[in-house]
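Report on the following structure.
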Amino acid sequence: MENKKNHSGPLMIALQHDDLFDLNSVSTNTELPKGRAFTFIKAVQTVNERLVEQNKNECLLFEVILIAMECTEDVKMKIVESVKYYGLEIGKFYFCKKEELKNTLQSNKVKLFLSTDRDDVQEALRSGISAALLYDQADHHVLNPLKVILSGDVLGFSEDSLESYLDFELSENQIETVKAAKICVKEFAVLIGQMRRRFGPDNSPICTCVLTVWGSRNVCASALKTLREWGLDVDEAFCLAGAPSNPILSVVNPHILWDGGFHNMRDLAALS
């Protein structure tokens with residue numbers, strides 16, 4: 001199938017500097033304290049290392065862009081020096097104004113924009129950019145596989161299930177946002193699927209899951225079918241039928257939580 005053809009070139013991910021570093025902590029050191037994105041960067045670097053070990057000419061690697069908006073020159077210098085200090089592999093630095101964010105992401109062909117701020121994620125989704133929540137990884141000393149959770153509620157969306165989404169009291173505009181988010185995430189899912197197939201079923205540095213919070217089993221099955229058609233066979237699938245999601249999230253402890261903005265619309269504060 002066309003979706004399963006290999007793509008060359010890096011998988012571009014964008015982060016913001018205040019997610020990578022904790023700018024609110026007081027530190028006497030020259031380097032900035034670690035932020036919530038730190039374990040994500042380490043997990044991504046492990047994936048890249050494993051891919052290159054298998055094929056020194058590998059082209060399908062993660063490349064992380066670090067975006068810093070409205071920073072002073074002193075903070076800019078600290079960001080660059082801190083990246084060097086921690087040995088982080090950042091492909092590009094962009095120091096820009098907030099209104100330039102959309103163009104920066106689009107011009108660099110970013111496949112996924114990550115943020116700890118749901119409003120930033122929602123704004124990117126409304127601009128047609130694939131975006132996801134950067135989930136909190138509390139222990140910066142534990143190196144886990146890169147864990148990605150994809151929303152079955154969004155991926156399982158179809159015209160056949162439209163009535164169920166109306167039951168969620170979503171407006172027509174919100175339903176259109178869900179549809180657009182599903183389309184936007186396709187390329188990211190395809191590339192993650194290609195990366196995942198580079199490794200066997202055991203000891204993979206990538207773990208993917210589908211989490212269906214509100215949809216039925218049919219919605220979850222539709223999400224899995226969609227991902228298989230895109231070339232991604234997930235490692236785990238959870239269908240909660242409206243049950244609280246926190247227990248699953250605390251066990252999986254993902255780096256990336258992609259819900260296409262659906263849970264923002266449903267006002268699921270439990271996902272925080």
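Chain labels A, B, ... are given in the sequence in which chains occur in the structure tokens; within each chain residues are numbered consecutively from 1, and ligands are likewise numbered from 1 in the order shown.
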
For A:Ala237, list every protein, DNA or RNA residue within 8 Å, evaluated using only C-alpha atoms, and leave out those in the same chain fewer than 5 positions away; present the list as a PyMOL selection string.
chain A and resi 209-212

Using DSSP on the backbone coordinates, identify the residues of stretch 153-249 of chain A assigned to helix (DSSP H, G or I); present them as a PyMOL selection string.
chain A and resi 153-155+159-167+172-184+186-197+217-229+246-249

Which of these residues is nearest to A:Leu112, using only C-alpha atoms: A:Gly242, A:Tyr85, A:Phe199, A:Cys184?
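Smallest separation from A:Leu112 among the options: A:Cys184.
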